[in-house]
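So this one's model-v1.txt, compact mmCIF, C-alpha atoms:
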```txt
# COMPACT_ATOMS: atom_id res chain seq x y z
CA MET A 293 -9.87 5.39 4.78
CA LYS A 294 -11.92 6.52 1.80
CA ALA A 295 -11.43 9.77 -0.08
CA MET A 296 -13.54 11.41 -2.74
CA ILE A 297 -11.79 13.62 -5.27
CA PHE A 298 -13.89 16.28 -6.98
CA ALA A 299 -12.79 16.00 -10.61
CA ALA A 300 -16.06 16.62 -12.47
CA GLY A 301 -15.77 20.40 -12.94
CA LEU A 302 -15.71 22.09 -16.33
CA GLY A 303 -12.45 23.90 -15.56
CA THR A 304 -13.66 27.14 -17.15
CA ARG A 305 -10.95 29.17 -15.40
CA LEU A 306 -8.30 27.07 -17.18
CA LYS A 307 -9.58 27.67 -20.71
CA PRO A 308 -8.38 27.16 -23.41
CA LEU A 309 -6.51 24.22 -21.85
CA THR A 310 -9.75 22.61 -20.75
CA ASP A 311 -11.29 22.91 -24.21
CA SER A 312 -9.54 19.64 -25.02
CA LEU A 313 -9.00 17.89 -21.69
CA PRO A 314 -10.53 17.76 -18.21
CA LYS A 315 -9.10 19.96 -15.46
CA ALA A 316 -8.08 16.85 -13.54
CA LEU A 317 -5.59 16.02 -16.29
CA ALA A 318 -3.97 19.45 -16.43
CA PRO A 319 -0.21 18.85 -16.46
CA LEU A 320 1.68 19.27 -13.21
CA ALA A 321 5.41 18.54 -12.83
CA GLY A 322 5.40 15.83 -15.47
CA ARG A 323 2.19 14.27 -14.15
CA THR A 324 -1.32 15.68 -13.64
CA LEU A 325 -3.39 17.38 -10.96
CA LEU A 326 -5.27 14.12 -10.39
CA TYR A 327 -2.08 12.10 -10.00
CA ASN A 328 -0.70 14.62 -7.51
CA VAL A 329 -3.77 14.44 -5.25
CA ILE A 330 -4.17 10.67 -5.36
CA MET A 331 -0.51 9.95 -4.59
CA ARG A 332 -0.45 12.46 -1.73
CA LEU A 333 -3.55 10.92 -0.20
CA LYS A 334 -2.15 7.43 -0.69
CA SER A 335 1.00 8.40 1.22
CA ALA A 336 -1.24 9.63 4.05
CA GLY A 337 -2.95 6.25 4.37
CA VAL A 338 -5.98 6.60 2.10
CA ASP A 339 -6.63 3.18 0.58
CA SER A 340 -9.89 3.68 -1.31
CA PHE A 341 -10.66 6.47 -3.78
CA ILE A 342 -13.80 7.76 -5.47
CA VAL A 343 -13.30 10.12 -8.41
CA ASN A 344 -16.33 11.88 -9.86
CA VAL A 345 -16.27 12.68 -13.58
CA HIS A 346 -18.30 14.77 -16.01
CA HIS A 347 -16.13 16.87 -18.37
CA PHE A 348 -14.23 14.49 -20.72
CA PRO A 349 -15.08 11.57 -18.40
CA ASP A 350 -13.59 8.86 -20.62
CA ALA A 351 -10.25 10.67 -20.67
CA ILE A 352 -10.04 10.47 -16.87
CA ILE A 353 -11.16 6.84 -16.77
CA SER A 354 -8.59 5.88 -19.41
CA TYR A 355 -5.83 7.85 -17.68
CA ILE A 356 -6.43 5.99 -14.42
CA SER A 357 -6.46 2.57 -16.09
CA GLU A 358 -3.37 3.33 -18.19
CA THR A 359 -1.21 4.82 -15.41
CA PRO A 360 0.40 1.89 -13.56
CA GLU A 361 0.67 3.64 -10.18
CA LEU A 362 -3.05 4.47 -10.30
CA ALA A 363 -4.34 1.29 -11.95
CA SER A 364 -3.03 -0.73 -9.01
CA LEU A 365 -5.09 1.28 -6.49
CA ASP A 366 -8.71 0.90 -5.43
CA ILE A 367 -10.15 3.77 -7.48
CA ARG A 368 -13.84 3.86 -8.31
CA ILE A 369 -15.61 6.23 -10.65
CA SER A 370 -18.74 8.19 -9.79
CA ASP A 371 -19.97 8.91 -13.29
CA GLU A 372 -21.85 12.21 -13.64
CA ARG A 373 -21.46 12.49 -17.40
CA ASP A 374 -25.21 12.91 -17.91
CA ARG A 375 -25.49 15.85 -15.53
CA LEU A 376 -23.03 17.93 -13.53
CA LEU A 377 -24.30 17.70 -9.96
CA GLU A 378 -22.06 20.27 -8.25
CA THR A 379 -20.18 19.42 -5.08
CA GLY A 380 -23.06 18.57 -2.74
CA GLY A 381 -24.94 16.64 -5.38
CA GLY A 382 -21.72 14.84 -6.26
CA VAL A 383 -21.30 13.58 -2.70
CA ARG A 384 -24.95 12.55 -2.55
CA PHE A 385 -24.76 10.72 -5.89
CA ALA A 386 -21.71 8.78 -4.69
CA SER A 387 -23.41 7.58 -1.50
CA GLY A 388 -23.26 3.97 -2.60
CA LEU A 389 -19.49 4.22 -2.96
CA LEU A 390 -18.93 6.34 0.15
CA GLY A 391 -21.33 4.54 2.46
CA GLY A 392 -20.05 3.02 5.68
CA ASN A 393 -19.57 3.83 9.33
CA SER A 394 -16.39 5.88 9.06
CA PRO A 395 -15.78 9.50 8.03
CA PHE A 396 -14.46 10.06 4.53
CA LEU A 397 -12.17 12.73 3.13
CA VAL A 398 -13.13 15.04 0.26
CA HIS A 399 -10.41 16.85 -1.72
CA ASN A 400 -10.70 19.21 -4.71
CA VAL A 401 -8.57 17.98 -7.60
CA ASP A 402 -7.10 21.45 -8.20
CA ILE A 403 -5.83 22.00 -4.65
CA VAL A 404 -2.06 21.59 -4.45
CA SER A 405 -0.54 21.83 -0.98
CA ASP A 406 1.88 20.45 1.56
CA LEU A 407 -0.91 19.78 4.05
CA ASP A 408 -0.20 16.93 6.45
CA ILE A 409 -3.39 14.95 5.93
CA LYS A 410 -2.87 12.89 9.08
CA TRP A 411 -2.49 16.08 11.10
CA PHE A 412 -5.68 17.43 9.57
CA GLU A 413 -7.54 14.26 10.53
CA SER A 414 -6.22 14.49 14.08
CA GLN A 415 -7.59 18.03 14.45
CA CYS A 416 -11.11 17.18 13.29
CA HIS A 417 -13.92 17.06 15.83
CA PRO A 418 -15.15 13.47 16.30
CA GLY A 419 -18.78 14.57 16.63
CA ALA A 420 -18.79 16.96 13.68
CA LEU A 421 -20.97 16.56 10.63
CA ALA A 422 -17.99 17.97 8.73
CA SER A 423 -14.61 19.55 9.47
CA LEU A 424 -13.30 22.07 6.91
CA LEU A 425 -9.70 23.02 6.19
CA VAL A 426 -9.38 26.82 6.48
CA SER A 427 -6.58 29.35 6.68
CA ARG A 428 -5.85 33.06 6.83
CA ARG A 429 -5.31 34.17 3.25
CA GLU A 430 -6.60 36.99 1.11
CA THR A 431 -9.80 36.36 -0.77
CA LYS A 432 -13.16 38.05 -1.28
CA ARG A 433 -15.21 35.20 0.15
CA TYR A 434 -14.77 34.01 3.73
CA LEU A 435 -16.35 31.43 5.98
CA LEU A 436 -17.37 32.78 9.38
CA PHE A 437 -16.64 30.93 12.63
CA ASN A 438 -17.28 31.40 16.33
CA GLU A 439 -14.26 32.87 18.08
CA ASP A 440 -14.31 30.36 20.93
CA ASP A 441 -14.80 26.96 19.28
CA MET A 442 -14.37 27.47 15.50
CA ARG A 443 -17.91 26.34 14.75
CA LEU A 444 -19.21 27.44 11.35
CA VAL A 445 -21.77 30.25 11.61
CA GLY A 446 -21.88 31.83 8.16
CA TRP A 447 -20.28 33.13 4.97
CA THR A 448 -19.54 36.58 3.61
CA ASN A 449 -18.32 38.28 0.45
CA ILE A 450 -16.39 41.30 1.70
CA SER A 451 -16.42 43.02 -1.69
CA THR A 452 -20.23 43.06 -1.90
CA GLY A 453 -21.19 42.88 1.78
CA GLU A 454 -23.26 39.77 1.11
CA VAL A 455 -23.86 37.51 4.12
CA ARG A 456 -25.40 34.06 4.42
CA THR A 457 -26.00 32.63 7.88
CA PRO A 458 -28.45 30.31 9.61
CA PHE A 459 -28.27 32.59 12.65
CA ARG A 460 -30.55 35.62 12.29
CA GLY A 461 -28.86 38.80 13.54
CA LEU A 462 -25.35 37.37 13.43
CA ASP A 463 -22.73 40.04 14.18
CA ILE A 464 -19.96 39.21 11.74
CA CYS A 465 -17.64 41.70 13.46
CA HIS A 466 -17.25 39.11 16.22
CA CYS A 467 -16.65 36.21 13.85
CA VAL A 468 -13.37 34.71 12.67
CA LYS A 469 -13.06 35.12 8.88
CA LEU A 470 -11.11 32.33 7.19
CA ALA A 471 -10.74 31.03 3.64
CA PHE A 472 -11.84 27.50 2.73
CA GLY A 473 -9.06 25.22 1.50
CA GLY A 474 -10.96 22.64 -0.55
CA VAL A 475 -10.43 19.76 1.88
CA HIS A 476 -13.07 18.38 4.26
CA LEU A 477 -13.61 15.35 6.49
CA ILE A 478 -17.27 14.32 6.42
CA SER A 479 -19.31 12.10 8.69
CA PRO A 480 -21.33 9.33 6.97
CA GLU A 481 -24.35 10.81 8.76
CA ILE A 482 -24.38 13.48 6.06
CA PHE A 483 -26.59 11.31 3.85
CA ASP A 484 -29.29 11.22 6.50
CA VAL A 485 -29.04 15.00 6.89
CA PHE A 486 -29.43 15.45 3.11
CA ASP A 487 -32.72 13.57 3.42
CA ALA A 488 -33.79 15.58 6.47
CA VAL A 489 -33.31 18.88 4.61
CA ASP A 490 -35.29 17.60 1.64
CA ALA A 491 -38.10 16.39 3.89
CA GLU A 492 -38.51 19.73 5.69
CA PRO A 493 -36.49 22.37 3.79
CA TRP A 494 -38.21 25.29 5.55
CA ARG A 495 -36.52 24.24 8.80
CA TYR A 496 -33.10 25.16 7.35
CA PRO A 497 -33.31 28.83 6.28
CA LEU A 498 -30.45 31.21 5.63
CA TYR A 499 -30.53 34.92 6.45
CA ASP A 500 -28.83 37.92 4.89
CA ALA A 501 -27.00 40.69 6.74
CA CYS A 502 -30.33 42.38 7.57
CA GLY A 503 -31.95 39.24 8.93
CA ASN A 504 -34.13 38.61 5.88
CA VAL A 505 -34.72 35.01 4.83
CA LEU A 506 -33.02 34.08 1.56
CA PRO A 507 -35.87 32.44 -0.40
CA VAL A 508 -33.65 29.97 -2.25
CA SER A 509 -32.49 28.56 1.08
CA GLN A 510 -35.94 27.18 1.80
CA ASN A 511 -35.95 24.89 -1.21
CA ALA A 512 -35.24 21.17 -1.09
CA LEU A 513 -31.69 20.22 -2.04
CA GLY A 514 -32.60 17.83 -4.82
CA GLU A 515 -29.92 16.17 -6.92
CA ARG A 516 -27.79 19.23 -7.77
CA PHE A 517 -26.48 21.64 -5.12
CA PRO A 518 -23.22 23.08 -3.74
CA ILE A 519 -21.91 21.42 -0.59
CA MET A 520 -21.13 24.80 1.01
CA ASP A 521 -24.74 25.95 0.76
CA PHE A 522 -25.75 22.74 2.51
CA TYR A 523 -23.15 23.29 5.25
CA LEU A 524 -24.43 26.81 5.86
CA ARG A 525 -28.08 25.74 6.01
CA THR A 526 -27.40 22.97 8.52
CA ALA A 527 -24.75 24.72 10.62
CA SER A 528 -27.23 25.77 13.29
CA ALA A 529 -28.59 22.24 13.72
CA ARG A 530 -25.47 20.14 13.23
CA PRO A 531 -21.89 20.98 14.30
CA ILE A 532 -19.57 21.90 11.45
CA TYR A 533 -16.10 23.12 12.39
CA GLY A 534 -13.09 24.75 10.83
CA VAL A 535 -9.58 23.35 11.17
CA GLN A 536 -7.15 26.23 10.81
CA ALA A 537 -3.81 25.51 9.16
CA ASP A 538 -2.01 28.80 8.59
CA GLY A 539 1.45 27.33 8.08
CA VAL A 540 0.37 25.28 5.09
CA THR A 541 1.18 26.24 1.51
CA LEU A 542 -2.06 25.86 -0.40
CA ILE A 543 -2.48 26.71 -4.07
CA ASP A 544 -5.75 26.74 -5.99
CA ALA A 545 -4.35 25.51 -9.30
CA GLY A 546 -7.56 26.10 -11.23
CA LYS A 547 -6.22 29.16 -13.09
CA PRO A 548 -3.28 29.42 -15.54
CA ASP A 549 -1.11 31.60 -13.29
CA SER A 550 -1.79 29.54 -10.17
CA LEU A 551 -1.24 26.30 -12.12
CA ALA A 552 2.21 27.61 -13.01
CA ALA A 553 2.84 28.46 -9.35
CA ALA A 554 1.72 24.96 -8.36
CA GLU A 555 4.15 23.51 -10.89
CA ARG A 556 7.06 25.38 -9.31
CA PHE A 557 5.92 24.38 -5.82
CA VAL A 558 5.65 20.67 -6.64
CA GLU A 559 9.02 20.69 -8.38
CA LYS A 560 10.57 22.12 -5.21
CA LEU A 561 8.92 19.40 -3.13
CA ILE A 562 10.28 16.74 -5.48
CA CYS A 563 13.81 18.18 -5.21
CA ARG A 564 13.64 18.00 -1.40
CA LYS A 565 12.98 14.26 -1.45
```
Target encoding structure tokens, full file:
Amino acid sequence: MKAMIFAAGLGTRLKPLTDSLPKALAPLAGRTLLYNVIMRLKSAGVDSFIVNVHHFPDAIISYISETPELASLDIRISDERDRLLETGGGVRFASGLLGGNSPFLVHNVDIVSDLDIKWFESQCHPGALASLLVSRRETKRYLLFNEDDMRLVGWTNISTGEVRTPFRGLDICHCVKLAFGGVHLISPEIFDVFDAVDAEPWRYPLYDACGNVLPVSQNALGERFPIMDFYLRTASARPIYGVQADGVTLIDAGKPDSLAAAERFVEKLICRK
């Protein structure tokens, strides 16, 4: 199985640490965030890795080649040093490395968890364009799902009341609100859907809470776009589902305090082995 690791971000939330190194190489229990994700995925059966790079790209490339446990793996670089393409653009740019007939996993480099990857795969819908790891945890921004089948229907920011949905008149009071966990399983058909949206972008509008079309949602995707905006625009035409994993410990280690919490968590995991 292939997995793409999003490691191209600027890591602004981790400044000043990321003034001199990429977020992917932030230290974690004697190793790095990147090492932690790759080795966890390897233990789950992933045998081919794609790592996208932008911020201090050569540092990541050198780290992989100079770390024996990583240098021995099939790790390929999707080099975005000339332009940061965001998450959706990053997947699209790596199409030549991700191409094939099988779904591929995508994992944020700063997500530290005890998720059973094989369990997650087993819960994904075989006909889905994408299946997203979600859980019940406190945040301001939630994905919205149907109550009966966990199909993605929208997004909301509860602090501002903002809503984005491809379903005009969606009643979010009857939706399940869950937080995204930075892990997705994606069908290879996604590359064809990227092209379909670019060919006829007006067919994939998003609406606000009042049913007004969001003008930006009628633009072509182009090279640079967030994957979540793409999911929301296509959710009415293609099935995208949530996989709920409430018993999982999941830490977004992209901030100094949460990086410290991730360090303590990983050290505990190591002691249990």
Residue neighbourhood Tyr499 of chain A, 6 Å, all atoms listed in the file, exclusion window fewer than 3 positions, as a list of chain:residue names: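 Using all atoms listed in the file, the neighbours found are A:Arg456, A:Thr457, A:Pro458, A:Arg460, A:Gly503, A:Asn504, A:Val505, A:Leu506.
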Determine, counting all atoms listed in the file, which protein, DNA and RNA residues have an atom within 8 Å of an atom of segment 372-382 of chain A; residues of the same chain fewer than 2 positions away are not included. Present the result as a compact mmCIF listing (two decimals) with C-alpha atoms, in the coordinates of the input.
```txt
# COMPACT_ATOMS: atom_id res chain seq x y z
CA PHE A 298 -13.89 16.28 -6.98
CA ALA A 300 -16.06 16.62 -12.47
CA GLY A 301 -15.77 20.40 -12.94
CA ASN A 344 -16.33 11.88 -9.86
CA VAL A 345 -16.27 12.68 -13.58
CA HIS A 346 -18.30 14.77 -16.01
CA HIS A 347 -16.13 16.87 -18.37
CA PRO A 349 -15.08 11.57 -18.40
CA SER A 370 -18.74 8.19 -9.79
CA ARG A 384 -24.95 12.55 -2.55
CA PHE A 385 -24.76 10.72 -5.89
CA ALA A 386 -21.71 8.78 -4.69
CA GLY A 514 -32.60 17.83 -4.82
CA GLU A 515 -29.92 16.17 -6.92
CA ARG A 516 -27.79 19.23 -7.77
CA PHE A 517 -26.48 21.64 -5.12
CA PRO A 518 -23.22 23.08 -3.74
CA ILE A 519 -21.91 21.42 -0.59
CA MET A 520 -21.13 24.80 1.01
CA PHE A 522 -25.75 22.74 2.51
```
Fewer than 3 positions away in the same chain doesn't count, so skip those; otherwise give me all residues within 8 Å of Ala527 of chain A, counting only C-alpha atoms, as a JSON list (two decimals) with C-alpha atoms, in the frame of the given file.
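part_38.json, freshly written:
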```json
[["chain", "number", "residue", "atom", "x", "y", "z"],
["A", 444, "LEU", "CA", -19.21, 27.44, 11.35],
["A", 445, "VAL", "CA", -21.77, 30.25, 11.61],
["A", 458, "PRO", "CA", -28.45, 30.31, 9.61],
["A", 523, "TYR", "CA", -23.15, 23.29, 5.25],
["A", 524, "LEU", "CA", -24.43, 26.81, 5.86],
["A", 530, "ARG", "CA", -25.47, 20.14, 13.23],
["A", 531, "PRO", "CA", -21.89, 20.98, 14.30],
["A", 532, "ILE", "CA", -19.57, 21.90, 11.45]]
```
Length of the atom CA of Gly546 of chain A to atom CA of Leu435 of chain A vector [Å]: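 Value for the atom CA of Gly546 of chain A-atom CA of Leu435 of chain A distance: 20.0 Å.
With all atoms listed in the file as the atoms that count, the residue of A:Thr310, A:Thr452, A:Ser340, A:Thr526 with the shortest distance to Leu390 of chain A is A:Ser340.
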Selection as a PyMOL selection string: residues within 7 Å of (-7.5, 26.0, -10.6), counting only C-alpha atoms: chain A and resi 305-306+402+544-547+550-551
Coordinates-based distance that separates atom CA of Val404 of chain A from atom CA of Val343 of chain A (Å, one decimal):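 These atoms are spaced 16.5 Å apart.
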Contacts of Leu362 of chain A at 10 Å (all atoms listed in the file; same-chain gap of 3+ positions) as a PyMOL selection string: chain A and resi 326-327+330-331+355-359+365-367
Distance of atom CA of Asp538 of chain A from atom CA of Ser335 of chain A, expressed in Å to one decimal place: 21.9 Å
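Using all atoms listed in the file, the nearest neighbour of Tyr434 of chain A within the list A:Ala501, A:Ile562, A:Leu309, A:Val455 is A:Val455.
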Neighbours of point (-8.4, 12.1, 6.2) within 12 Å, using only C-alpha atoms, written as a ChimeraX atom specification: /A:293-296,332-341,394-399,407-416,422-425,475-479
Contact residues around Arg429 of chain A with all atoms listed in the file at 12 Å, ignoring same-chain residues under 4 positions, as a count of residues only: 17
Nearest to Phe437 of chain A by atom-to-atom distance, counting only C-alpha atoms, from A:Cys502, A:Leu462, A:Leu561, A:Cys467: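 When distances to Phe437 of chain A are compared using only C-alpha atoms, the smallest one comes from A:Cys467.
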Counting all atoms listed in the file, the residue of A:Pro308, A:Ile369, A:Gly391, A:Ala491 that sits nearest Ile353 of chain A: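 Using all atoms listed in the file, the shortest distance to Ile353 of chain A belongs to A:Ile369.
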